[in-house]
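Asker: Please see the structure below; I have some questions.
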Amino acid sequence: MFSFKQFSVKQDKTAMKVGTDGVLLGAWAPVSHNPYSVLDIGAGTGIIALMIAQRSAAEQIDALEIDEDAYEQAVENFENSPWGDRLFCFHAGLDEFIEEPEDEYDLIVSNPPFYAEDYKTENEQRDLARFQDAMPFEEIVEAADLLLSENGIFAIILPFKEEAKFINLAKEAELYPLKITRVKGTPSSAVKRSLLAFSRDEVSEIKIDELVIEIDRHIYTPEYIELTKDFYLKF
């Protein structure tokens, strides 16, 4: 069990545990446009959907999870949260979900599997959660294009090395970056992750900044504390 300030996440059944990537995206994804409907692609424990429920007044927050154990865990975490009436999880793959889309979403978020390398572990469930071939970037972009409302925002976290490739893919679908935050573990380490937000409108100036998580081991930067203080018990 992982406890946050307003909710807890059980994670004993799912291969992908609560991690920094999910917390970063859940805390960072833009909600200032007051989304009515939200979709979390690849929900895992449901943490990102739960964080968006805490941060916004969205009436409809749908999550999508293909792995049966993770799906059951997300449903349990949703039901045990203060926002159970707004949260719903579909047990389906993304390709299946977009075959007959019923809704448009004002905010789409995804912390997708992204080890594209050829190596696999012995844990098939963990591999499904971690490897890009389970949910190719092309499929995520196609889904965002199909399901995003006219003024909606699509937010994703990726390895920094995939940033340029993903932006080019999105541009082909006429989805354009409006905000990019590059994440480093420490001031001296290389950029590890990119947080990207896209919209259907091309902005004249993309907001680009950098976020450093730690100054030293367990000494967090003021910026990271500010971003996550509504969630982590330690802040």
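Chain labels run A, B, ... following the order of the structure tokens; each chain numbers its residues from 1, and ligands are numbered from 1 in the order shown.
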I'd like a table as JSON lines: residues in region 26-81 of chain A with an atom no more than 12 Å from region 137-151 of chain A, each row giving the shortest atom pair and its distance in Å to one decimal, only C-alpha atoms counted, sorted by chain and rising residue number.

Answerer:
```
{"residue": "A:Ser32", "atom": "CA", "partner": "A:Asn151", "partner_atom": "CA", "distance": 12.0}
{"residue": "A:His33", "atom": "CA", "partner": "A:Asn151", "partner_atom": "CA", "distance": 8.5}
{"residue": "A:Asn34", "atom": "CA", "partner": "A:Asn151", "partner_atom": "CA", "distance": 10.6}
{"residue": "A:Pro35", "atom": "CA", "partner": "A:Asn151", "partner_atom": "CA", "distance": 9.4}
{"residue": "A:Tyr36", "atom": "CA", "partner": "A:Ser149", "partner_atom": "CA", "distance": 10.4}
{"residue": "A:Ser37", "atom": "CA", "partner": "A:Ser149", "partner_atom": "CA", "distance": 9.3}
{"residue": "A:Val38", "atom": "CA", "partner": "A:Leu148", "partner_atom": "CA", "distance": 9.5}
{"residue": "A:Leu39", "atom": "CA", "partner": "A:Leu147", "partner_atom": "CA", "distance": 9.0}
{"residue": "A:Asp40", "atom": "CA", "partner": "A:Ala144", "partner_atom": "CA", "distance": 10.9}
{"residue": "A:Ile41", "atom": "CA", "partner": "A:Ile140", "partner_atom": "CA", "distance": 8.2}
{"residue": "A:Gly42", "atom": "CA", "partner": "A:Ile140", "partner_atom": "CA", "distance": 10.1}
{"residue": "A:Leu64", "atom": "CA", "partner": "A:Ala143", "partner_atom": "CA", "distance": 12.0}
```

Asker: Write a file of the just-selected residues containing N, CA, C and O atoms, as a compact mmCIF listing (two decimals), in the first residue's frame.

Answerer:
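Final output, saved to out06.txt:
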```txt
# COMPACT_ATOMS: atom_id res chain seq x y z
N SER A 32 -5.63 23.48 -16.12
CA SER A 32 -6.14 24.86 -16.02
C SER A 32 -7.25 25.14 -17.04
O SER A 32 -7.97 26.12 -16.91
N HIS A 33 -7.39 24.27 -18.05
CA HIS A 33 -8.49 24.43 -19.02
C HIS A 33 -9.77 23.76 -18.52
O HIS A 33 -10.75 23.65 -19.27
N ASN A 34 -9.78 23.34 -17.26
CA ASN A 34 -10.96 22.76 -16.60
C ASN A 34 -11.59 21.61 -17.39
O ASN A 34 -12.74 21.70 -17.82
N PRO A 35 -10.86 20.52 -17.56
CA PRO A 35 -11.41 19.40 -18.33
C PRO A 35 -12.66 18.82 -17.68
O PRO A 35 -12.71 18.66 -16.45
N TYR A 36 -13.64 18.50 -18.49
CA TYR A 36 -14.85 17.82 -18.02
C TYR A 36 -14.61 16.31 -18.05
O TYR A 36 -15.03 15.57 -17.16
N SER A 37 -13.91 15.84 -19.10
CA SER A 37 -13.69 14.40 -19.28
C SER A 37 -12.19 14.13 -19.45
O SER A 37 -11.48 14.87 -20.12
N VAL A 38 -11.73 13.04 -18.83
CA VAL A 38 -10.31 12.69 -18.81
C VAL A 38 -10.17 11.21 -19.17
O VAL A 38 -10.99 10.39 -18.77
N LEU A 39 -9.11 10.88 -19.92
CA LEU A 39 -8.79 9.48 -20.21
C LEU A 39 -7.34 9.21 -19.83
O LEU A 39 -6.44 9.93 -20.26
N ASP A 40 -7.11 8.16 -19.05
CA ASP A 40 -5.77 7.71 -18.68
C ASP A 40 -5.49 6.42 -19.44
O ASP A 40 -6.13 5.40 -19.20
N ILE A 41 -4.54 6.47 -20.40
CA ILE A 41 -4.22 5.31 -21.23
C ILE A 41 -3.11 4.51 -20.58
O ILE A 41 -2.00 4.99 -20.42
N GLY A 42 -3.43 3.26 -20.20
CA GLY A 42 -2.46 2.40 -19.52
C GLY A 42 -2.39 2.72 -18.05
O GLY A 42 -1.38 3.17 -17.53
N LEU A 64 -7.88 3.12 -18.83
CA LEU A 64 -7.82 1.97 -19.72
C LEU A 64 -6.65 1.09 -19.31
O LEU A 64 -5.53 1.58 -19.16
```

Asker: Quick one: pick out all alpha helix (DSSP H) residues within region 58-108 of chain A from a backbone DSSP run and write them as a ChimeraX atom specification.

Answerer: /A:68-79,94-97

Asker: Go ahead and dump the residues you just picked, N, CA, C and O atoms, as a compact mmCIF listing (two decimals), in the first residue's frame.

Answerer:
```
# COMPACT_ATOMS: atom_id res chain seq x y z
N GLU A 68 -5.10 -7.88 -16.68
CA GLU A 68 -6.26 -8.15 -15.81
C GLU A 68 -6.00 -7.83 -14.34
O GLU A 68 -6.84 -7.23 -13.67
N ASP A 69 -4.83 -8.21 -13.84
CA ASP A 69 -4.52 -7.95 -12.43
C ASP A 69 -4.44 -6.45 -12.15
O ASP A 69 -4.95 -5.96 -11.14
N ALA A 70 -3.77 -5.72 -13.06
CA ALA A 70 -3.66 -4.27 -12.89
C ALA A 70 -5.04 -3.62 -12.98
O ALA A 70 -5.36 -2.71 -12.20
N TYR A 71 -5.85 -4.09 -13.90
CA TYR A 71 -7.22 -3.58 -14.04
C TYR A 71 -8.00 -3.75 -12.73
O TYR A 71 -8.63 -2.80 -12.23
N GLU A 72 -7.94 -4.94 -12.17
CA GLU A 72 -8.67 -5.20 -10.91
C GLU A 72 -8.14 -4.31 -9.79
O GLU A 72 -8.91 -3.81 -8.96
N GLN A 73 -6.82 -4.11 -9.78
CA GLN A 73 -6.22 -3.26 -8.74
C GLN A 73 -6.68 -1.81 -8.90
O GLN A 73 -7.00 -1.14 -7.92
N ALA A 74 -6.68 -1.33 -10.14
CA ALA A 74 -7.12 0.05 -10.40
C ALA A 74 -8.57 0.25 -9.97
O ALA A 74 -8.90 1.26 -9.33
N VAL A 75 -9.42 -0.72 -10.30
CA VAL A 75 -10.84 -0.63 -9.91
C VAL A 75 -10.97 -0.53 -8.39
O VAL A 75 -11.71 0.30 -7.85
N GLU A 76 -10.20 -1.38 -7.69
CA GLU A 76 -10.22 -1.37 -6.22
C GLU A 76 -9.73 -0.02 -5.68
O GLU A 76 -10.35 0.57 -4.77
N ASN A 77 -8.66 0.50 -6.26
CA ASN A 77 -8.13 1.79 -5.80
C ASN A 77 -9.11 2.93 -6.08
O ASN A 77 -9.24 3.85 -5.27
N PHE A 78 -9.80 2.86 -7.21
CA PHE A 78 -10.81 3.89 -7.53
C PHE A 78 -11.96 3.84 -6.52
O PHE A 78 -12.39 4.87 -6.00
N GLU A 79 -12.43 2.62 -6.26
CA GLU A 79 -13.59 2.46 -5.35
C GLU A 79 -13.26 2.90 -3.93
O GLU A 79 -14.13 3.38 -3.20
N LEU A 94 -5.73 -0.64 -26.05
CA LEU A 94 -5.99 0.64 -26.72
C LEU A 94 -6.56 0.43 -28.11
O LEU A 94 -7.50 1.13 -28.52
N ASP A 95 -6.03 -0.55 -28.84
CA ASP A 95 -6.53 -0.80 -30.20
C ASP A 95 -8.01 -1.16 -30.19
O ASP A 95 -8.79 -0.72 -31.03
N GLU A 96 -8.39 -1.95 -29.19
CA GLU A 96 -9.80 -2.35 -29.03
C GLU A 96 -10.66 -1.15 -28.63
O GLU A 96 -11.77 -0.96 -29.15
N PHE A 97 -10.14 -0.33 -27.74
CA PHE A 97 -10.89 0.82 -27.21
C PHE A 97 -11.21 1.84 -28.31
O PHE A 97 -12.28 2.45 -28.32
```

Asker: Would you mind listing what lies within 9 Å of region 214-231 of chain A as a PyMOL selection string, with only C-alpha atoms counted and same-chain residues fewer than 4 positions away left out?

Answerer: chain A and resi 3-7+23-24+27-28+51+55+184-187+235

Asker: Write out as a VMD selection string the residues lying within 12 Å of Ala197 (chain A), counting only C-alpha atoms and excluding same-chain residues fewer than 5 positions away.

Answerer: chain A and resid 25 28 to 31 107 to 110 144 152 to 158 163 166 to 167 170 175 to 182 202 to 203 206 to 208

Asker: Create the file for the chosen residues now, containing N, CA and C atoms and written as a short mmCIF file (atom, residue, chain, number, x, y, z; two decimals), in the first residue's frame.

Answerer:
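Final output, saved to out.cif:
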```
data_model
loop_
_atom_site.label_atom_id
_atom_site.label_comp_id
_atom_site.auth_asym_id
_atom_site.auth_seq_id
_atom_site.Cartn_x
_atom_site.Cartn_y
_atom_site.Cartn_z
N LEU A 25 3.73 12.88 -13.90
CA LEU A 25 2.70 13.18 -14.90
C LEU A 25 1.38 13.58 -14.23
N TRP A 28 1.79 17.10 -12.99
CA TRP A 28 2.20 18.09 -14.00
C TRP A 28 1.15 18.32 -15.09
N ALA A 29 0.40 17.28 -15.44
CA ALA A 29 -0.53 17.39 -16.57
C ALA A 29 -1.44 18.62 -16.43
N PRO A 30 -1.54 19.44 -17.47
CA PRO A 30 -2.32 20.68 -17.36
C PRO A 30 -3.81 20.42 -17.09
N VAL A 31 -4.35 21.12 -16.11
CA VAL A 31 -5.80 21.05 -15.84
C VAL A 31 -6.42 22.46 -15.78
N LEU A 107 -8.91 15.96 -21.62
CA LEU A 107 -7.54 15.70 -21.19
C LEU A 107 -7.27 14.21 -21.37
N ILE A 108 -6.21 13.90 -22.10
CA ILE A 108 -5.75 12.51 -22.24
C ILE A 108 -4.34 12.44 -21.65
N VAL A 109 -4.12 11.49 -20.75
CA VAL A 109 -2.80 11.33 -20.13
C VAL A 109 -2.31 9.90 -20.35
N SER A 110 -0.99 9.75 -20.46
CA SER A 110 -0.44 8.40 -20.59
C SER A 110 1.00 8.34 -20.09
N ALA A 144 -4.92 9.59 -29.45
CA ALA A 144 -5.06 10.98 -29.01
C ALA A 144 -5.74 11.81 -30.09
N GLY A 152 -8.90 20.17 -26.29
CA GLY A 152 -8.32 19.28 -25.30
C GLY A 152 -6.81 19.33 -25.28
N ILE A 153 -6.24 18.72 -24.24
CA ILE A 153 -4.79 18.62 -24.07
C ILE A 153 -4.42 17.15 -23.86
N PHE A 154 -3.35 16.75 -24.52
CA PHE A 154 -2.82 15.39 -24.42
C PHE A 154 -1.45 15.48 -23.75
N ALA A 155 -1.28 14.80 -22.61
CA ALA A 155 -0.03 14.88 -21.84
C ALA A 155 0.57 13.49 -21.65
N ILE A 156 1.91 13.42 -21.81
CA ILE A 156 2.58 12.12 -21.77
C ILE A 156 3.96 12.30 -21.15
N ILE A 157 4.47 11.22 -20.53
CA ILE A 157 5.86 11.23 -20.05
C ILE A 157 6.64 10.16 -20.81
N LEU A 158 7.85 10.52 -21.27
CA LEU A 158 8.65 9.65 -22.12
C LEU A 158 10.13 9.74 -21.72
N GLU A 163 11.92 11.99 -27.17
CA GLU A 163 11.13 13.24 -27.27
C GLU A 163 10.95 13.71 -28.71
N PHE A 166 8.76 11.48 -30.87
CA PHE A 166 7.34 11.53 -30.52
C PHE A 166 6.70 12.84 -31.00
N ILE A 167 7.42 13.94 -30.86
CA ILE A 167 6.90 15.24 -31.32
C ILE A 167 6.64 15.20 -32.83
N ALA A 170 3.50 13.16 -33.46
CA ALA A 170 2.31 13.93 -33.10
C ALA A 170 2.00 15.00 -34.15
N LEU A 175 -1.06 17.38 -33.97
CA LEU A 175 -1.03 17.64 -32.53
C LEU A 175 0.31 18.32 -32.25
N TYR A 176 0.27 19.46 -31.58
CA TYR A 176 1.46 20.30 -31.47
C TYR A 176 1.83 20.54 -30.00
N PRO A 177 3.14 20.50 -29.68
CA PRO A 177 3.54 20.72 -28.29
C PRO A 177 3.26 22.14 -27.84
N LEU A 178 2.75 22.28 -26.61
CA LEU A 178 2.57 23.62 -26.04
C LEU A 178 3.39 23.79 -24.77
N LYS A 179 3.80 22.67 -24.18
CA LYS A 179 4.59 22.73 -22.95
C LYS A 179 5.49 21.51 -22.87
N ILE A 180 6.77 21.72 -22.56
CA ILE A 180 7.73 20.63 -22.41
C ILE A 180 8.54 20.86 -21.13
N THR A 181 8.56 19.86 -20.26
CA THR A 181 9.42 19.92 -19.07
C THR A 181 10.37 18.74 -19.12
N ARG A 182 11.66 19.04 -19.08
CA ARG A 182 12.68 17.98 -19.12
C ARG A 182 13.16 17.72 -17.69
N GLU A 202 -1.35 25.06 -32.93
CA GLU A 202 0.08 25.31 -32.88
C GLU A 202 0.33 26.64 -32.19
N VAL A 203 1.11 26.62 -31.12
CA VAL A 203 1.38 27.86 -30.38
C VAL A 203 2.63 28.53 -30.94
N ILE A 206 6.51 27.64 -27.59
CA ILE A 206 6.34 26.49 -26.70
C ILE A 206 7.02 26.80 -25.37
N LYS A 207 6.31 26.54 -24.27
CA LYS A 207 6.89 26.75 -22.95
C LYS A 207 7.80 25.56 -22.62
N ILE A 208 9.11 25.82 -22.51
CA ILE A 208 10.07 24.75 -22.23
C ILE A 208 10.82 25.07 -20.94
#
```

Asker: Can you measure CA of Phe160 (chain A) to CA of Leu50 (chain A) for me? One decimal in Å is fine.

Answerer: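 Those two atoms sit 25.2 Å apart.
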
Asker: Using only C-alpha atoms, can you tell me which of A:Glu104, A:Asp201, A:Ile98, A:Asn111 comes closest to Ile48 (chain A)?

Answerer: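 Nearest candidate to Ile48 (chain A) out of A:Glu104, A:Asp201, A:Ile98, A:Asn111: A:Asn111.
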
Asker: Please compute the CA of Phe88 (chain A)-CA of Ile47 (chain A) distance, one decimal, in Å.

Answerer: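 CA of Ile47 (chain A) lies 12.7 Å from CA of Phe88 (chain A).
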